[in-house]
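Enquirer: Below is the file structure_39.json, with JSON, C-alpha atoms and all ligand atoms.
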[["chain", "number", "residue", "atom", "x", "y", "z"],
["P", 14, "MET", "CA", -28.01, 8.51, -11.47],
["P", 15, "SER", "CA", -24.71, 8.77, -9.55],
["P", 16, "SER", "CA", -24.69, 7.30, -6.03],
["P", 17, "ARG", "CA", -24.19, 10.78, -4.54],
["P", 18, "LEU", "CA", -27.22, 12.18, -6.40],
["P", 19, "SER", "CA", -29.37, 9.19, -5.56],
["P", 20, "SER", "CA", -28.48, 9.49, -1.89],
["P", 21, "ALA", "CA", -29.40, 13.21, -1.90],
["P", 22, "ALA", "CA", -32.71, 12.41, -3.58],
["P", 23, "ALA", "CA", -33.37, 9.61, -1.11],
["P", 24, "ASP", "CA", -32.84, 12.09, 1.72],
["P", 25, "ALA", "CA", -35.97, 14.02, 0.83],
["P", 26, "THR", "CA", -38.20, 11.00, 1.41],
["P", 27, "GLU", "CA", -36.53, 9.45, 4.44],
["P", 28, "TYR", "CA", -37.56, 12.00, 7.05],
["P", 29, "ASP", "CA", -41.03, 12.76, 8.37],
["P", 30, "ARG", "CA", -40.18, 15.36, 11.02],
["P", 31, "ILE", "CA", -37.35, 17.36, 9.47],
["P", 32, "ALA", "CA", -36.23, 18.48, 6.03],
["P", 33, "VAL", "CA", -32.62, 17.73, 5.05],
["P", 34, "THR", "CA", -30.84, 19.58, 2.25],
["P", 35, "PRO", "CA", -27.24, 18.61, 1.40],
["P", 36, "ILE", "CA", -24.92, 21.61, 0.89],
["P", 37, "ALA", "CA", -22.02, 19.85, -0.86],
["P", 38, "GLY", "CA", -21.20, 16.53, -2.49],
["P", 39, "ALA", "CA", -18.80, 15.34, 0.21],
["P", 40, "LEU", "CA", -20.58, 16.18, 3.46],
["P", 41, "GLY", "CA", -22.80, 18.70, 5.19],
["P", 42, "ALA", "CA", -26.58, 19.21, 5.19],
["P", 43, "GLU", "CA", -28.93, 21.93, 6.40],
["P", 44, "ILE", "CA", -31.85, 20.79, 8.51],
["P", 45, "SER", "CA", -35.07, 22.72, 8.83],
["P", 46, "GLY", "CA", -38.36, 22.13, 10.62],
["P", 47, "VAL", "CA", -37.05, 21.99, 14.18],
["P", 48, "ASP", "CA", -36.77, 24.55, 16.99],
["P", 49, "LEU", "CA", -33.72, 23.54, 19.04],
["P", 50, "SER", "CA", -34.71, 25.77, 21.97],
["P", 51, "ARG", "CA", -37.73, 23.55, 22.71],
["P", 52, "PRO", "CA", -37.80, 19.92, 23.84],
["P", 53, "ILE", "CA", -37.28, 17.63, 20.83],
["P", 54, "ASP", "CA", -39.21, 14.36, 20.98],
["P", 55, "GLU", "CA", -37.52, 10.99, 20.42],
["P", 56, "ALA", "CA", -38.81, 10.53, 16.87],
["P", 57, "ALA", "CA", -37.56, 13.92, 15.69],
["P", 58, "PHE", "CA", -34.23, 13.49, 17.46],
["P", 59, "ALA", "CA", -33.76, 10.03, 15.90],
["P", 60, "GLU", "CA", -34.10, 11.69, 12.48],
["P", 61, "ILE", "CA", -31.56, 14.37, 13.44],
["P", 62, "ARG", "CA", -29.12, 11.61, 14.51],
["P", 63, "ARG", "CA", -29.70, 9.72, 11.27],
["P", 64, "ALA", "CA", -28.99, 12.87, 9.24],
["P", 65, "TRP", "CA", -25.86, 13.49, 11.35],
["P", 66, "ALA", "CA", -24.53, 9.96, 10.68],
["P", 67, "ARG", "CA", -25.22, 10.33, 6.95],
["P", 68, "HIS", "CA", -23.95, 13.89, 6.41],
["P", 69, "LEU", "CA", -21.28, 14.09, 9.17],
["P", 70, "VAL", "CA", -21.97, 17.76, 9.84],
["P", 71, "ILE", "CA", -25.47, 19.22, 10.04],
["P", 72, "PHE", "CA", -26.55, 22.85, 10.17],
["P", 73, "PHE", "CA", -29.62, 24.68, 11.49],
["P", 74, "ARG", "CA", -30.59, 28.31, 10.79],
["P", 75, "GLY", "CA", -32.44, 30.94, 12.78],
["P", 76, "GLN", "CA", -32.15, 29.36, 16.22],
["P", 77, "THR", "CA", -32.21, 31.14, 19.59],
["P", 78, "LEU", "CA", -30.25, 29.14, 22.15],
["P", 79, "ASP", "CA", -29.56, 30.43, 25.63],
["P", 80, "ASP", "CA", -26.87, 28.61, 27.61],
["P", 81, "GLY", "CA", -29.32, 26.14, 29.13],
["P", 82, "ALA", "CA", -30.79, 25.23, 25.73],
["P", 83, "LEU", "CA", -27.33, 24.77, 24.17],
["P", 84, "VAL", "CA", -26.27, 22.45, 26.99],
["P", 85, "ALA", "CA", -29.56, 20.52, 26.78],
["P", 86, "PHE", "CA", -29.25, 20.05, 23.00],
["P", 87, "GLY", "CA", -25.61, 18.87, 23.27],
["P", 88, "ARG", "CA", -26.58, 16.37, 25.96],
["P", 89, "ARG", "CA", -29.05, 14.72, 23.59],
["P", 90, "PHE", "CA", -26.03, 13.38, 21.67],
["P", 91, "ALA", "CA", -23.83, 12.34, 24.64],
["P", 92, "PRO", "CA", -22.71, 13.60, 28.06],
["P", 93, "LEU", "CA", -20.76, 16.83, 27.69],
["P", 94, "PHE", "CA", -16.96, 16.96, 27.55],
["P", 95, "ARG", "CA", -15.03, 19.50, 29.63],
["P", 96, "HIS", "CA", -12.20, 21.10, 27.62],
["P", 97, "PRO", "CA", -8.78, 20.65, 29.29],
["P", 98, "ASN", "CA", -7.16, 23.85, 28.02],
["P", 99, "LEU", "CA", -9.64, 26.53, 26.91],
["P", 100, "LEU", "CA", -10.62, 28.80, 29.81],
["P", 101, "THR", "CA", -14.35, 29.20, 30.33],
["P", 102, "GLU", "CA", -16.41, 32.00, 31.90],
["P", 103, "GLY", "CA", -19.66, 32.00, 33.85],
["P", 104, "PRO", "CA", -21.90, 29.37, 35.38],
["P", 105, "TYR", "CA", -21.78, 26.92, 32.42],
["P", 106, "PRO", "CA", -18.24, 25.44, 32.44],
["P", 107, "ASP", "CA", -19.13, 23.06, 29.57],
["P", 108, "ILE", "CA", -19.63, 26.03, 27.24],
["P", 109, "VAL", "CA", -16.54, 27.45, 25.55],
["P", 110, "ARG", "CA", -17.04, 31.00, 24.24],
["P", 111, "ILE", "CA", -15.00, 31.24, 21.05],
["P", 112, "ARG", "CA", -14.41, 34.94, 20.69],
["P", 113, "ARG", "CA", -12.31, 36.89, 18.23],
["P", 114, "MET", "CA", -11.88, 40.64, 18.42],
["P", 115, "PRO", "CA", -10.42, 43.22, 16.04],
["P", 116, "GLY", "CA", -6.65, 43.05, 16.48],
["P", 117, "ASP", "CA", -6.45, 39.31, 17.10],
["P", 118, "THR", "CA", -3.79, 37.80, 14.83],
["P", 119, "GLN", "CA", -4.55, 34.19, 15.77],
["P", 120, "ILE", "CA", -7.87, 32.43, 16.39],
["P", 121, "VAL", "CA", -9.11, 29.15, 17.83],
["P", 122, "GLY", "CA", -9.16, 26.40, 15.21],
["P", 123, "GLU", "CA", -7.21, 28.13, 12.46],
["P", 124, "ASP", "CA", -5.57, 24.89, 11.21],
["P", 125, "TRP", "CA", -7.37, 21.82, 9.90],
["P", 126, "HIS", "CA", -8.09, 19.67, 12.96],
["P", 127, "ALA", "CA", -10.33, 17.30, 14.83],
["P", 128, "ASP", "CA", -11.00, 18.60, 18.32],
["P", 129, "THR", "CA", -8.86, 17.75, 21.34],
["P", 130, "THR", "CA", -7.36, 14.52, 19.97],
["P", 131, "CYS", "CA", -4.60, 14.73, 22.60],
["P", 132, "MET", "CA", -7.14, 13.11, 24.94],
["P", 133, "PRO", "CA", -7.33, 9.32, 25.35],
["P", 134, "GLN", "CA", -11.04, 9.61, 24.53],
["P", 135, "PRO", "CA", -11.41, 12.63, 22.24],
["P", 136, "PRO", "CA", -14.86, 14.22, 21.92],
["P", 137, "SER", "CA", -17.32, 12.49, 19.59],
["P", 138, "GLY", "CA", -18.64, 15.78, 18.31],
["P", 139, "ALA", "CA", -19.45, 19.42, 18.98],
["P", 140, "VAL", "CA", -22.31, 21.89, 18.73],
["P", 141, "LEU", "CA", -21.28, 25.41, 17.66],
["P", 142, "TYR", "CA", -23.81, 28.28, 17.89],
["P", 143, "GLY", "CA", -23.32, 31.63, 16.16],
["P", 144, "VAL", "CA", -24.02, 34.46, 18.63],
["P", 145, "ASP", "CA", -22.31, 37.39, 16.90],
["P", 146, "VAL", "CA", -21.10, 36.79, 13.36],
["P", 147, "PRO", "CA", -19.36, 39.16, 10.94],
["P", 148, "PRO", "CA", -21.25, 40.48, 7.88],
["P", 149, "TYR", "CA", -18.88, 38.45, 5.69],
["P", 150, "GLY", "CA", -16.00, 36.06, 6.23],
["P", 151, "GLY", "CA", -15.36, 33.94, 9.30],
["P", 152, "ASP", "CA", -16.71, 30.79, 7.61],
["P", 153, "THR", "CA", -15.97, 27.27, 8.83],
["P", 154, "LEU", "CA", -14.88, 24.46, 6.49],
["P", 155, "PHE", "CA", -15.31, 20.74, 7.14],
["P", 156, "ALA", "CA", -13.65, 17.73, 5.47],
["P", 157, "ASN", "CA", -14.96, 14.15, 5.17],
["P", 158, "GLN", "CA", -12.35, 11.73, 6.52],
["P", 159, "TYR", "CA", -14.18, 8.62, 5.32],
["P", 160, "LEU", "CA", -13.63, 9.88, 1.78],
["P", 161, "ALA", "CA", -10.04, 10.82, 2.60],
["P", 162, "TYR", "CA", -9.40, 7.21, 3.66],
["P", 163, "GLU", "CA", -11.44, 5.50, 0.94],
["P", 164, "SER", "CA", -9.69, 7.41, -1.86],
["P", 165, "LEU", "CA", -6.23, 6.13, -0.87],
["P", 166, "SER", "CA", -4.60, 3.25, -2.75],
["P", 167, "ASP", "CA", -4.79, -0.27, -1.37],
["P", 168, "GLY", "CA", -1.04, -0.15, -0.73],
["P", 169, "MET", "CA", -1.33, 3.02, 1.35],
["P", 170, "LYS", "CA", -4.35, 1.65, 3.25],
["P", 171, "ALA", "CA", -2.35, -1.47, 4.11],
["P", 172, "LEU", "CA", 0.59, 0.63, 5.33],
["P", 173, "LEU", "CA", -1.63, 2.91, 7.44],
["P", 174, "SER", "CA", -3.48, -0.02, 9.00],
["P", 175, "ARG", "CA", -0.30, -0.85, 10.93],
["P", 176, "LEU", "CA", 0.41, 2.70, 12.17],
["P", 177, "THR", "CA", -0.55, 4.60, 15.29],
["P", 178, "ALA", "CA", 0.26, 8.26, 15.87],
["P", 179, "VAL", "CA", 1.19, 10.44, 18.82],
["P", 180, "HIS", "CA", -1.26, 13.29, 19.49],
["P", 181, "SER", "CA", -0.30, 16.12, 21.87],
["P", 182, "ASP", "CA", -1.51, 19.61, 22.85],
["P", 183, "ILE", "CA", 2.07, 20.95, 22.99],
["P", 184, "THR", "CA", 1.52, 23.47, 20.16],
["P", 185, "VAL", "CA", -1.97, 24.66, 21.15],
["P", 186, "ALA", "CA", -1.74, 25.21, 24.92],
["P", 187, "GLY", "CA", 0.71, 25.69, 27.77],
["P", 188, "PRO", "CA", 3.34, 28.39, 28.25],
["P", 189, "GLN", "CA", 5.57, 27.14, 25.39],
["P", 190, "ALA", "CA", 2.71, 27.51, 22.86],
["P", 191, "ALA", "CA", 2.37, 31.20, 23.83],
["P", 192, "ARG", "CA", -1.04, 31.54, 22.16],
["P", 193, "ASN", "CA", -2.61, 34.04, 24.55],
["P", 194, "ARG", "CA", -0.72, 37.12, 23.46],
["P", 195, "HIS", "CA", -2.09, 36.73, 19.91],
["P", 196, "ARG", "CA", -5.78, 36.28, 20.57],
["P", 197, "THR", "CA", -8.74, 37.06, 22.80],
["P", 198, "ASN", "CA", -9.54, 33.40, 23.53],
["P", 199, "LYS", "CA", -7.30, 32.24, 26.35],
["P", 200, "VAL", "CA", -5.91, 28.77, 26.98],
["P", 201, "ARG", "CA", -4.08, 27.49, 30.04],
["P", 202, "GLU", "CA", -0.53, 28.83, 30.09],
["P", 203, "ASP", "CA", 0.09, 28.49, 33.85],
["P", 204, "SER", "CA", 3.13, 26.72, 35.25],
["P", 205, "ASP", "CA", 0.99, 23.78, 36.46],
["P", 206, "TRP", "CA", -0.03, 23.00, 32.88],
["P", 207, "ARG", "CA", 1.22, 19.61, 31.67],
["P", 208, "GLU", "CA", 1.24, 18.23, 28.16],
["P", 209, "THR", "CA", -1.48, 15.66, 27.39],
["P", 210, "VAL", "CA", -0.30, 12.91, 25.03],
["P", 211, "SER", "CA", -2.29, 10.00, 23.58],
["P", 212, "GLU", "CA", -1.63, 7.46, 20.86],
["P", 213, "HIS", "CA", -4.39, 6.72, 18.36],
["P", 214, "PRO", "CA", -4.69, 4.54, 15.26],
["P", 215, "VAL", "CA", -4.04, 6.46, 12.04],
["P", 216, "VAL", "CA", -7.20, 4.88, 10.62],
["P", 217, "ARG", "CA", -10.10, 4.53, 13.04],
["P", 218, "THR", "CA", -13.38, 2.68, 12.69],
["P", 219, "HIS", "CA", -16.45, 4.74, 13.51],
["P", 220, "PRO", "CA", -18.29, 3.07, 16.40],
["P", 221, "GLU", "CA", -21.75, 3.78, 14.95],
["P", 222, "THR", "CA", -21.36, 3.50, 11.17],
["P", 223, "GLY", "CA", -18.57, 0.88, 11.10],
["P", 224, "ARG", "CA", -16.79, 2.90, 8.37],
["P", 225, "LYS", "CA", -13.04, 3.58, 8.40],
["P", 226, "ALA", "CA", -11.80, 7.17, 8.55],
["P", 227, "LEU", "CA", -8.38, 8.79, 8.39],
["P", 228, "PHE", "CA", -7.56, 10.13, 11.88],
["P", 229, "VAL", "CA", -4.63, 12.58, 11.83],
["P", 230, "ASN", "CA", -4.71, 16.37, 12.07],
["P", 231, "LYS", "CA", -2.33, 19.31, 11.97],
["P", 232, "SER", "CA", -3.08, 20.75, 15.41],
["P", 233, "TYR", "CA", -2.44, 17.61, 17.48],
["P", 234, "THR", "CA", -0.71, 14.82, 15.50],
["P", 235, "GLN", "CA", 3.04, 15.12, 16.10],
["P", 236, "ARG", "CA", 4.50, 11.94, 14.60],
["P", 237, "PHE", "CA", 3.94, 8.23, 14.05],
["P", 238, "SER", "CA", 4.52, 5.99, 17.08],
["P", 239, "GLY", "CA", 8.03, 4.52, 17.07],
["P", 240, "MET", "CA", 9.34, 7.13, 14.61],
["P", 241, "THR", "CA", 10.92, 10.55, 15.00],
["P", 242, "THR", "CA", 9.20, 13.75, 13.96],
["P", 243, "GLU", "CA", 11.59, 14.04, 11.01],
["P", 244, "GLU", "CA", 10.97, 10.45, 9.89],
["P", 245, "SER", "CA", 7.23, 10.97, 10.13],
["P", 246, "ALA", "CA", 7.13, 14.30, 8.30],
["P", 247, "PRO", "CA", 6.94, 13.15, 4.64],
["P", 248, "LEU", "CA", 4.07, 10.69, 5.07],
["P", 249, "LEU", "CA", 2.28, 12.77, 7.72],
["P", 250, "GLY", "CA", 2.61, 15.85, 5.52],
["P", 251, "PHE", "CA", 1.09, 13.96, 2.58],
["P", 252, "LEU", "CA", -1.82, 12.70, 4.71],
["P", 253, "LEU", "CA", -2.58, 16.14, 6.15],
["P", 254, "GLN", "CA", -2.65, 17.66, 2.68],
["P", 255, "HIS", "CA", -4.70, 14.80, 1.25],
["P", 256, "ALA", "CA", -7.22, 14.99, 4.14],
["P", 257, "ALA", "CA", -8.32, 18.49, 3.14],
["P", 258, "ARG", "CA", -8.58, 18.09, -0.64],
["P", 259, "PRO", "CA", -11.35, 20.43, -1.88],
["P", 260, "GLU", "CA", -13.56, 17.58, -3.08],
["P", 261, "PHE", "CA", -13.73, 16.22, 0.48],
["P", 262, "THR", "CA", -14.95, 19.54, 1.95],
["P", 263, "CYS", "CA", -17.92, 21.81, 2.48],
["P", 264, "ARG", "CA", -17.96, 25.45, 3.55],
["P", 265, "PHE", "CA", -20.51, 26.93, 5.97],
["P", 266, "ARG", "CA", -21.47, 30.59, 5.89],
["P", 267, "TRP", "CA", -22.56, 31.68, 9.37],
["P", 268, "GLU", "CA", -25.54, 33.86, 10.26],
["P", 269, "ARG", "CA", -26.55, 34.92, 13.73],
["P", 270, "GLY", "CA", -28.49, 31.96, 15.14],
["P", 271, "SER", "CA", -26.85, 29.32, 12.94],
["P", 272, "VAL", "CA", -25.89, 26.03, 14.58],
["P", 273, "ALA", "CA", -23.39, 23.40, 13.36],
["P", 274, "VAL", "CA", -23.12, 19.89, 14.80],
["P", 275, "TRP", "CA", -20.11, 17.92, 13.57],
["P", 276, "ASP", "CA", -18.95, 14.36, 14.10],
["P", 277, "ASN", "CA", -15.38, 14.67, 15.37],
["P", 278, "ARG", "CA", -14.61, 11.01, 14.60],
["P", 279, "CYS", "CA", -14.86, 11.26, 10.82],
["P", 280, "THR", "CA", -14.38, 14.96, 9.97],
["P", 281, "LEU", "CA", -11.80, 17.71, 10.20],
["P", 282, "HIS", "CA", -12.67, 21.40, 10.36],
["P", 283, "ILE", "CA", -10.97, 24.78, 10.13],
["P", 284, "ALA", "CA", -12.07, 28.27, 11.14],
["P", 285, "VAL", "CA", -11.09, 30.66, 8.35],
["P", 286, "ASN", "CA", -9.03, 33.52, 9.79],
["P", 287, "ASP", "CA", -10.01, 36.17, 7.25],
["P", 288, "VAL", "CA", -11.95, 38.82, 9.21],
["P", 289, "TRP", "CA", -9.84, 41.15, 11.27],
["P", 290, "LYS", "CA", -12.10, 44.18, 11.67],
["P", 291, "PHE", "CA", -15.29, 42.58, 13.04],
["P", 292, "PRO", "CA", -15.88, 40.75, 16.32],
["P", 293, "ARG", "CA", -17.13, 37.15, 16.16],
["P", 294, "LEU", "CA", -18.59, 35.17, 19.08],
["P", 295, "MET", "CA", -19.58, 31.52, 19.04],
["P", 296, "HIS", "CA", -20.72, 29.29, 21.90],
["P", 297, "ARG", "CA", -19.56, 25.67, 21.75],
["P", 298, "VAL", "CA", -20.19, 22.47, 23.66],
["P", 299, "GLN", "CA", -18.42, 19.20, 22.96],
["P", 300, "MET", "CA", -19.80, 15.71, 23.47],
["P", 301, "CYS", "CA", -17.85, 12.89, 25.13],
["P", 302, "GLY", "CA", -16.40, 10.22, 22.87],
["P", 303, "GLU", "CA", -14.77, 6.83, 23.07],
["P", 304, "ARG", "CA", -11.20, 5.57, 22.70],
["P", 305, "PRO", "CA", -10.49, 5.42, 18.94],
["P", 306, "VAL", "CA", -10.01, 1.89, 17.55],
["G", 1, "LIG", "C1", -13.47, 25.19, 16.37],
["G", 1, "LIG", "O1", -12.41, 24.83, 15.89],
["G", 1, "LIG", "O2", -14.13, 24.45, 17.10],
["G", 1, "LIG", "C2", -13.98, 26.58, 16.07],
["G", 1, "LIG", "C3", -14.59, 26.68, 14.73],
["G", 1, "LIG", "C4", -15.04, 28.10, 14.41],
["G", 1, "LIG", "O3", -14.93, 28.99, 15.25],
["G", 1, "LIG", "O4", -15.52, 28.30, 13.30]]
What does the file become when written as structure tokens?
Expert:
Amino acid sequence: MSSRLSSAAADATEYDRIAVTPIAGALGAEISGVDLSRPIDEAAFAEIRRAWARHLVIFFRGQTLDDGALVAFGRRFAPLFRHPNLLTEGPYPDIVRIRRMPGDTQIVGEDWHADTTCMPQPPSGAVLYGVDVPPYGGDTLFANQYLAYESLSDGMKALLSRLTAVHSDITVAGPQAARNRHRTNKVREDSDWRETVSEHPVVRTHPETGRKALFVNKSYTQRFSGMTTEESAPLLGFLLQHAARPEFTCRFRWERGSVAVWDNRCTLHIAVNDVWKFPRLMHRVQMCGERPV
């Protein structure tokens, strides 16, 4: 039995309170047997966390989460992270409403990325809840960055171990990015906006699993530290393409009431921009993370 098959089979027996069904070879599992709108006891939540660490992104179906329940569920993982650029509405400033409307030509998250890596301590993860989803399209893809790292040659791993990279929000927010005229979701474009820049290792070690993951993404990583953008482009371009190879990915088909929880430290994700005639509304909270090392 291959190690991937044996680990999927092992999954069925390792949980008492939830059922866990992998959806792809690389990452991603659906979890059933839990109502996220009600208090989750410690034993059940420990199993959810274990499934999250193993599968990197976990999905739930048929949930009904009002704003209070979404915030409460996110807080079980870590204190919530307040987004620096996306404008929020209403009494829950930790909730970002990711909305696309017919006529939008751009959307939030339309390139492969980890969230908000311009920050010195990027979020550890996010919970995304499907409020209004199109009848088809609008899927989200995820990519396993442990596998992206582990499949590199020893020579490339040695080279990357010495590199850090500059992450910035210069292309996703602020007046120069000019995103707001293309989409319903608004980011800060005011004159007080300032670029946020952080340097992170190109390979990070996950603080809970101890595994190494590739940590660059198209939305935020500008260049390698100590190199120009042009000098960085060939290797960075290779890594960005490698990171999203199909065999490292899974694809999630949304239904109203679906929930995804991803680990932002070892995955990338992309929102597929393929539905122009239907509205789509998702509610998202992000969990605080640590400085990547
Ligand atoms: C995101 O990048 O967090 C949004 C993903 C989505 O809307 O599918």
Enquirer: For the atom pair CA of Asp276 in chain P and CA of Ala127 in chain P, what is the interatomic distance in Å to one decimal place?
Expert: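 Separation between CA of Asp276 in chain P and CA of Ala127 in chain P: 9.1 Å.
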Enquirer: Give the residue list for ligand LIG 1 (chain G) at 7 Å, counting all atoms listed in the file, as a ChimeraX atom specification, sorted by chain and then by residue number.
Expert: /P:111,121-122,128,151-153,282-284,295
Enquirer: I'd like the neighbourhood of range 245-259 of chain P as number ranges by chain, where a residue qualifies if any of its atoms comes within 12 Å (using only C-alpha atoms), though same-chain residues fewer than 6 positions away should be ignored.
Expert: P: 37-40, 124-127, 154-165, 169-170, 172-173, 176-179, 215-216, 226-239, 279-283
Enquirer: Find the distance between CA of Gly168 in chain P and CA of His213 in chain P and write it in Å to one decimal.
Expert: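 Separation of CA of Gly168 in chain P and CA of His213 in chain P: 20.6 Å.
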Enquirer: Skip Val272 in chain P itself and residues of its chain fewer than 6 positions away, then list as a ChimeraX atom specification all residues within 6 Å of it, counting all atoms listed in the file.
Expert: /P:72-73,141-142
Enquirer: Could you check how far CA of Val285 in chain P sits from CA of Arg89 in chain P, in Å to one decimal?
Expert: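 Answer for the CA of Val285 in chain P to CA of Arg89 in chain P separation: 28.4 Å.
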Enquirer: Report as a PyMOL selection string all protein, DNA and RNA residues lying within 6 Å of range 267-269 of chain P, evaluated on all atoms listed in the file, omitting residues in the same chain fewer than 4 positions from it.
Expert: chain P and resi 143-146
Enquirer: Write out as lines of an AutoDock Vina configuration file an axis-aligned box for range 218-230 of chain P: all of its atoms listed in the file, 6 Å added on each side, centre and edge lengths in Å with one decimal.
Expert:
center_x = -13.2
center_y = 8.6
center_z = 12.4
size_x = 29.1
size_y = 27.5
size_z = 20.0
Enquirer: Have a look at P:Thr34, P:Ser137, P:Thr118, P:Ser174 and name the one nearest to Arg196 in chain P; count only C-alpha atoms.
Expert: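 Ranked by minimum distance to Arg196 in chain P, first place goes to P:Thr118.
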Enquirer: I'd like the contact shell of Pro115 in chain P - 10 Å cut-off, all atoms listed in the file, skipping same-chain residues fewer than 2 positions apart - returned as a list of chain:residue names.
Expert: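 Answer for this query is P:Arg113, P:Asp117, P:Thr118, P:Arg196, P:Thr197, P:Val288, P:Trp289, P:Lys290, P:Phe291, P:Pro292, P:Arg293.
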Enquirer: Please determine, counting only C-alpha atoms, which residue among P:Glu55, P:Asp182, P:Asp107, P:Glu43 has the shortest atom-to-atom distance to Val70 in chain P.
Expert: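 Checking each of P:Glu55, P:Asp182, P:Asp107, P:Glu43 against Val70 in chain P, counting only C-alpha atoms, the winner is P:Glu43.
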Enquirer: Counting all atoms listed in the file, figure out which residue out of P:His195, P:Arg266, P:Arg62, P:Arg278 gets nearest to Arg217 in chain P.
Expert: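 Between P:His195, P:Arg266, P:Arg62, P:Arg278, the residue approaching Arg217 in chain P most closely is P:Arg278.
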Enquirer: Could N, CA, C and O atoms be built for range 159-173 of chain P and written out as an mmCIF file, in the coordinates of the input?
Expert:
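This is the output file out35.cif:
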data_model
loop_
_atom_site.group_PDB
_atom_site.id
_atom_site.type_symbol
_atom_site.label_atom_id
_atom_site.label_comp_id
_atom_site.auth_asym_id
_atom_site.auth_seq_id
_atom_site.Cartn_x
_atom_site.Cartn_y
_atom_site.Cartn_z
ATOM 1 N N TYR P 159 -13.907 9.911 5.957
ATOM 2 C CA TYR P 159 -14.180 8.620 5.320
ATOM 3 C C TYR P 159 -13.667 8.675 3.875
ATOM 4 O O TYR P 159 -12.995 7.766 3.408
ATOM 5 N N LEU P 160 -14.050 9.753 3.171
ATOM 6 C CA LEU P 160 -13.630 9.880 1.780
ATOM 7 C C LEU P 160 -12.116 9.971 1.677
ATOM 8 O O LEU P 160 -11.510 9.418 0.761
ATOM 9 N N ALA P 161 -11.498 10.693 2.627
ATOM 10 C CA ALA P 161 -10.040 10.820 2.600
ATOM 11 C C ALA P 161 -9.402 9.431 2.673
ATOM 12 O O ALA P 161 -8.452 9.124 1.951
ATOM 13 N N TYR P 162 -9.939 8.569 3.534
ATOM 14 C CA TYR P 162 -9.400 7.210 3.660
ATOM 15 C C TYR P 162 -9.731 6.381 2.416
ATOM 16 O O TYR P 162 -8.848 5.740 1.827
ATOM 17 N N GLU P 163 -10.988 6.404 2.019
ATOM 18 C CA GLU P 163 -11.440 5.500 0.940
ATOM 19 C C GLU P 163 -10.759 5.809 -0.386
ATOM 20 O O GLU P 163 -10.634 4.918 -1.233
ATOM 21 N N SER P 164 -10.301 7.046 -0.585
ATOM 22 C CA SER P 164 -9.690 7.410 -1.860
ATOM 23 C C SER P 164 -8.201 7.072 -1.923
ATOM 24 O O SER P 164 -7.566 7.290 -2.952
ATOM 25 N N LEU P 165 -7.633 6.538 -0.847
ATOM 26 C CA LEU P 165 -6.230 6.130 -0.870
ATOM 27 C C LEU P 165 -6.079 4.804 -1.610
ATOM 28 O O LEU P 165 -7.029 4.019 -1.718
ATOM 29 N N SER P 166 -4.862 4.528 -2.073
ATOM 30 C CA SER P 166 -4.600 3.250 -2.750
ATOM 31 C C SER P 166 -4.640 2.103 -1.751
ATOM 32 O O SER P 166 -4.483 2.307 -0.531
ATOM 33 N N ASP P 167 -4.798 0.886 -2.265
ATOM 34 C CA ASP P 167 -4.790 -0.270 -1.370
ATOM 35 C C ASP P 167 -3.451 -0.401 -0.647
ATOM 36 O O ASP P 167 -3.396 -0.799 0.514
ATOM 37 N N GLY P 168 -2.358 -0.064 -1.362
ATOM 38 C CA GLY P 168 -1.040 -0.150 -0.730
ATOM 39 C C GLY P 168 -0.923 0.811 0.448
ATOM 40 O O GLY P 168 -0.421 0.446 1.524
ATOM 41 N N MET P 169 -1.400 2.037 0.258
ATOM 42 C CA MET P 169 -1.330 3.020 1.350
ATOM 43 C C MET P 169 -2.253 2.607 2.502
ATOM 44 O O MET P 169 -1.890 2.718 3.686
ATOM 45 N N LYS P 170 -3.439 2.101 2.177
ATOM 46 C CA LYS P 170 -4.350 1.650 3.250
ATOM 47 C C LYS P 170 -3.685 0.543 4.071
ATOM 48 O O LYS P 170 -3.792 0.531 5.304
ATOM 49 N N ALA P 171 -3.007 -0.366 3.391
ATOM 50 C CA ALA P 171 -2.350 -1.470 4.110
ATOM 51 C C ALA P 171 -1.246 -0.924 5.019
ATOM 52 O O ALA P 171 -1.099 -1.358 6.173
ATOM 53 N N LEU P 172 -0.476 0.032 4.502
ATOM 54 C CA LEU P 172 0.590 0.630 5.330
ATOM 55 C C LEU P 172 -0.010 1.329 6.552
ATOM 56 O O LEU P 172 0.434 1.136 7.690
ATOM 57 N N LEU P 173 -1.052 2.128 6.337
ATOM 58 C CA LEU P 173 -1.630 2.910 7.440
ATOM 59 C C LEU P 173 -2.296 2.021 8.483
ATOM 60 O O LEU P 173 -2.374 2.383 9.663
#
